[in-house]
Every structure is written in structure tokens, then in C-alpha cells.
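Structure, as C-alpha cells:
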Amino acid sequence: MHMQSSRLHGFRRMPLKINVKPGEKFVVNGAVMVAGKKGASLVLQNEATILLGKDIMQEEDATSPAKRIYFTILLMYLDHGDPDQYRGMFLKLVESFLEATTFKEVRMTLLNLVQDVNEKRFYRALKTCKALINYEAEIFKIGAPEVAGSN
């Protein structure tokens, strides 16, 4: 989540309140933190990049095409200094996915990801890419042979 408290057309953005579960990891402006035993309630008053544990992915977990796209967007989101260094890899991954699918909805999702990344709306792109990961998981289930003895 990228939050700003700047004025926009006469409106001031409201502070963002986030509840973090006990023991949950989260990242604020690149710093990895862990909530205490009782959890935490965070109120962001100004611009910040925040990511909750459920949205964090390690490189070794990027084991499928959609997950590799997600991980690359994640790197862009967290790297305030030079997010464009990951752009070439991101575009190659998207291009490969586009070549591998004929599903219109998937192709539109991929194009929306590119648009969001081009406009530096990385958090929105991460959320969209999670839907792509879920779609991919369903396709893998359909294509996977059944294990002997399972119903």
C-alpha cells in the first residue's frame, strides 16, 4: 500500500489504519518488522510503502510464471531507488505469459499489469497479479494427473 497524505483537488487523504496479526511480518519503507504477541494497530499519517506478511514472497517461492511476475513487481514496489532496473525482466515474463495463453481475460489482466507498472501503481499490480496466481493454480490443478489412490 502506498499512502500519501497530500492534498488532491481540495481533499486531504485520510490516515490509513492497518491491523497486524500477532507475530505477522510486515514491511514499512523497506524495514522488515514483526508484530508483538498482541499484534499491532498501525496508523500511517504520511506517504509510506507498506506490505503485510500475506503479500510478501521470497524469491525461492516464485516457482511459476505468475509468481515470477508477482515477485518482480514486488521488487519494483520495494525498491524506491531504482524500480526500473526490474522492468526488462518484468516485460519478458509478461510477454512469455501472453504467448502461452489465448484466454482473453488473462491477456487483459496481463495488459492491466503492464499499465499499472508503467504508472508505478505497484501495489495495485500486486493485487491484480494475485488473481493471476490463483487462476494459474486452478489451471495447474486441471492439468495435473491424479495421484494413484486419491479420490
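If you're wondering about the labels, chains in the C-alpha cells are A, B, ... by order shown, residues count from 1 in each chain, ligands from 1 in order shown.
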List every residue of chain A that DSSP, applied to the backbone of this structure, assigns to helix (DSSP H, G or I), and report them as a PyMOL selection string.
chain A and resi 53-55+59-61+65-78+83-100+104-118+122-143
Practice task
Find the residues around Arg124 in chain A up to 12 Å (only C-alpha atoms counted), leave out those fewer than 2 positions away in its own chain, and share them as a PyMOL selection string.
Solution key: chain A and resi 1-2+51+55+70+73-74+77+109+112-122+126-131
Residues from the last selection, N, CA and C atoms, saved as a PDB file, in the first residue's frame:
ATOM      1  N   MET A   1       0.842  -1.147   0.000  1.00  0.00           N
ATOM      2  CA  MET A   1       0.000   0.000   0.000  1.00  0.00           C
ATOM      3  C   MET A   1       0.889   1.211   0.000  1.00  0.00           C
ATOM      4  N   HIS A   2       0.660   2.095  -0.903  1.00  0.00           N
ATOM      5  CA  HIS A   2       1.435   3.316  -0.960  1.00  0.00           C
ATOM      6  C   HIS A   2       0.475   4.426  -0.561  1.00  0.00           C
ATOM      7  N   LEU A  51       3.758  -3.346   3.305  1.00  0.00           N
ATOM      8  CA  LEU A  51       3.386  -4.647   2.776  1.00  0.00           C
ATOM      9  C   LEU A  51       3.190  -5.585   3.952  1.00  0.00           C
ATOM     10  N   ASP A  55       1.384 -10.652   1.722  1.00  0.00           N
ATOM     11  CA  ASP A  55       1.745 -10.134   0.406  1.00  0.00           C
ATOM     12  C   ASP A  55       3.231 -10.284   0.091  1.00  0.00           C
ATOM     13  N   TYR A  70       4.801 -11.710 -10.166  1.00  0.00           N
ATOM     14  CA  TYR A  70       4.482 -11.098  -8.869  1.00  0.00           C
ATOM     15  C   TYR A  70       5.765 -10.675  -8.140  1.00  0.00           C
ATOM     16  N   ILE A  73       7.288  -7.584  -9.647  1.00  0.00           N
ATOM     17  CA  ILE A  73       6.535  -6.380  -9.257  1.00  0.00           C
ATOM     18  C   ILE A  73       6.853  -6.022  -7.808  1.00  0.00           C
ATOM     19  N   LEU A  74       6.947  -7.031  -6.955  1.00  0.00           N
ATOM     20  CA  LEU A  74       7.281  -6.813  -5.548  1.00  0.00           C
ATOM     21  C   LEU A  74       8.630  -6.101  -5.417  1.00  0.00           C
ATOM     22  N   TYR A  77       8.178  -2.524  -6.323  1.00  0.00           N
ATOM     23  CA  TYR A  77       7.435  -1.820  -5.274  1.00  0.00           C
ATOM     24  C   TYR A  77       8.333  -1.455  -4.096  1.00  0.00           C
ATOM     25  N   THR A 109      -5.725  -9.079 -18.185  1.00  0.00           N
ATOM     26  CA  THR A 109      -5.117  -8.929 -16.867  1.00  0.00           C
ATOM     27  C   THR A 109      -3.633  -8.604 -17.004  1.00  0.00           C
ATOM     28  N   ASN A 112      -3.260  -5.099 -18.121  1.00  0.00           N
ATOM     29  CA  ASN A 112      -3.526  -4.197 -16.994  1.00  0.00           C
ATOM     30  C   ASN A 112      -2.328  -4.124 -16.054  1.00  0.00           C
ATOM     31  N   LEU A 113      -1.655  -5.257 -15.858  1.00  0.00           N
ATOM     32  CA  LEU A 113      -0.444  -5.258 -15.031  1.00  0.00           C
ATOM     33  C   LEU A 113       0.615  -4.332 -15.624  1.00  0.00           C
ATOM     34  N   VAL A 114       0.810  -4.431 -16.928  1.00  0.00           N
ATOM     35  CA  VAL A 114       1.806  -3.581 -17.590  1.00  0.00           C
ATOM     36  C   VAL A 114       1.441  -2.110 -17.417  1.00  0.00           C
ATOM     37  N   GLN A 115       0.158  -1.793 -17.592  1.00  0.00           N
ATOM     38  CA  GLN A 115      -0.275  -0.409 -17.432  1.00  0.00           C
ATOM     39  C   GLN A 115      -0.035   0.071 -16.002  1.00  0.00           C
ATOM     40  N   ASP A 116      -0.394  -0.733 -15.015  1.00  0.00           N
ATOM     41  CA  ASP A 116      -0.181  -0.338 -13.621  1.00  0.00           C
ATOM     42  C   ASP A 116       1.302  -0.147 -13.325  1.00  0.00           C
ATOM     43  N   VAL A 117       2.140  -1.040 -13.818  1.00  0.00           N
ATOM     44  CA  VAL A 117       3.585  -0.906 -13.590  1.00  0.00           C
ATOM     45  C   VAL A 117       4.111   0.350 -14.288  1.00  0.00           C
ATOM     46  N   ASN A 118       3.663   0.598 -15.507  1.00  0.00           N
ATOM     47  CA  ASN A 118       4.102   1.810 -16.222  1.00  0.00           C
ATOM     48  C   ASN A 118       3.724   3.077 -15.466  1.00  0.00           C
ATOM     49  N   GLU A 119       2.599   3.035 -14.764  1.00  0.00           N
ATOM     50  CA  GLU A 119       2.139   4.195 -13.993  1.00  0.00           C
ATOM     51  C   GLU A 119       2.600   4.134 -12.540  1.00  0.00           C
ATOM     52  N   LYS A 120       3.498   3.174 -12.248  1.00  0.00           N
ATOM     53  CA  LYS A 120       4.084   2.998 -10.911  1.00  0.00           C
ATOM     54  C   LYS A 120       3.038   2.744  -9.828  1.00  0.00           C
ATOM     55  N   ARG A 121       1.947   2.073 -10.217  1.00  0.00           N
ATOM     56  CA  ARG A 121       0.932   1.646  -9.257  1.00  0.00           C
ATOM     57  C   ARG A 121       1.233   0.189  -8.902  1.00  0.00           C
ATOM     58  N   PHE A 122       2.349   0.009  -8.210  1.00  0.00           N
ATOM     59  CA  PHE A 122       2.855  -1.335  -7.945  1.00  0.00           C
ATOM     60  C   PHE A 122       1.963  -2.131  -6.999  1.00  0.00           C
ATOM     61  N   LEU A 126       0.311  -5.698  -7.732  1.00  0.00           N
ATOM     62  CA  LEU A 126       0.482  -6.891  -6.893  1.00  0.00           C
ATOM     63  C   LEU A 126      -0.861  -7.563  -6.630  1.00  0.00           C
ATOM     64  N   LYS A 127      -1.868  -6.768  -6.301  1.00  0.00           N
ATOM     65  CA  LYS A 127      -3.195  -7.330  -6.028  1.00  0.00           C
ATOM     66  C   LYS A 127      -3.768  -8.000  -7.276  1.00  0.00           C
ATOM     67  N   THR A 128      -3.610  -7.371  -8.418  1.00  0.00           N
ATOM     68  CA  THR A 128      -4.092  -7.957  -9.671  1.00  0.00           C
ATOM     69  C   THR A 128      -3.337  -9.247  -9.971  1.00  0.00           C
ATOM     70  N   CYS A 129      -2.049  -9.248  -9.717  1.00  0.00           N
ATOM     71  CA  CYS A 129      -1.235 -10.430 -10.005  1.00  0.00           C
ATOM     72  C   CYS A 129      -1.607 -11.597  -9.088  1.00  0.00           C
ATOM     73  N   LYS A 130      -2.099 -11.316  -7.884  1.00  0.00           N
ATOM     74  CA  LYS A 130      -2.559 -12.407  -7.003  1.00  0.00           C
ATOM     75  C   LYS A 130      -3.708 -13.163  -7.669  1.00  0.00           C
ATOM     76  N   ALA A 131      -4.593 -12.449  -8.348  1.00  0.00           N
ATOM     77  CA  ALA A 131      -5.690 -13.102  -9.076  1.00  0.00           C
ATOM     78  C   ALA A 131      -5.125 -13.982 -10.190  1.00  0.00           C
TER      79      ALA A 131
END
| request: Compile the contact shell of Val106 in chain A as a ChimeraX atom specification: residues with an atom at most 12 Å away, counting only C-alpha atoms, same-chain residues fewer than 2 positions apart removed. | output: /A:66,94,97-104,108-113,128-129,131-136,139
I need the residues from that last selection saved to file as a CSV table (one decimal), in the first residue's frame (with C-alpha atoms), if you can.
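And here is the file that came out, selection_15.csv:
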chain,number,residue,atom,x,y,z
A,66,ALA,CA,2.6,-15.8,-12.5
A,94,VAL,CA,4.6,-10.9,-19.2
A,97,PHE,CA,2.8,-15.5,-20.4
A,98,LEU,CA,1.0,-13.7,-23.2
A,99,GLU,CA,2.5,-16.1,-25.7
A,100,ALA,CA,1.4,-19.1,-23.6
A,101,THR,CA,-2.3,-18.1,-23.3
A,102,THR,CA,-5.2,-17.5,-25.5
A,103,PHE,CA,-7.7,-16.6,-22.7
A,104,LYS,CA,-8.9,-13.1,-23.3
A,108,MET,CA,-6.4,-8.4,-20.4
A,109,THR,CA,-5.1,-8.9,-16.9
A,110,LEU,CA,-1.5,-9.1,-18.1
A,111,LEU,CA,-2.0,-5.8,-20.1
A,112,ASN,CA,-3.5,-4.2,-17.0
A,113,LEU,CA,-0.4,-5.3,-15.0
A,128,THR,CA,-4.1,-8.0,-9.7
A,129,CYS,CA,-1.2,-10.4,-10.0
A,131,ALA,CA,-5.7,-13.1,-9.1
A,132,LEU,CA,-3.4,-14.3,-11.9
A,133,ILE,CA,-1.6,-16.6,-9.5
A,134,ASN,CA,-5.0,-18.1,-8.3
A,135,TYR,CA,-6.0,-18.6,-12.0
A,136,GLU,CA,-2.7,-20.3,-12.7
A,139,ILE,CA,-5.1,-24.4,-14.4
### Message
Could you pull out the strand (DSSP E or B) residues of range 30-127 of chain A, going by DSSP on the backbone, and write them as a PyMOL selection string?
### Response
chain A and resi 31-34+40-44+48-52
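Coordinates place CA of Thr63 in chain A at a distance of 15.0 Å from CA of Glu138 in chain A.
Of the residues listed (A:Gln85, A:Leu93, A:Lys17, A:Val32), A:Leu93 shows the shortest atom-to-atom separation from Lys67 in chain A; distances use only C-alpha atoms.
Of the residues listed (A:Lys141, A:Arg87, A:His80, A:Lys37), A:Lys37 shows the shortest atom-to-atom separation from Glu24 in chain A; distances use only C-alpha atoms.
CA of Thr49 in chain A is found 14.6 Å from CA of Asp82 in chain A.
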Can you pull out the residues contacting range 18-21 of chain A? Cut-off 9 Å, using only C-alpha atoms, and skip same-chain residues under 5 positions away; I want them as a VMD selection string. chain A and resid 26 34 to 44 52 to 53
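Between CA of Leu78 in chain A and CA of Phe140 in chain A lies a distance of 29.1 Å.
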Of A:Met76, A:Ala62, A:Val28, A:Met89, the one sitting nearest Ile50 in chain A when using only C-alpha atoms is A:Val28
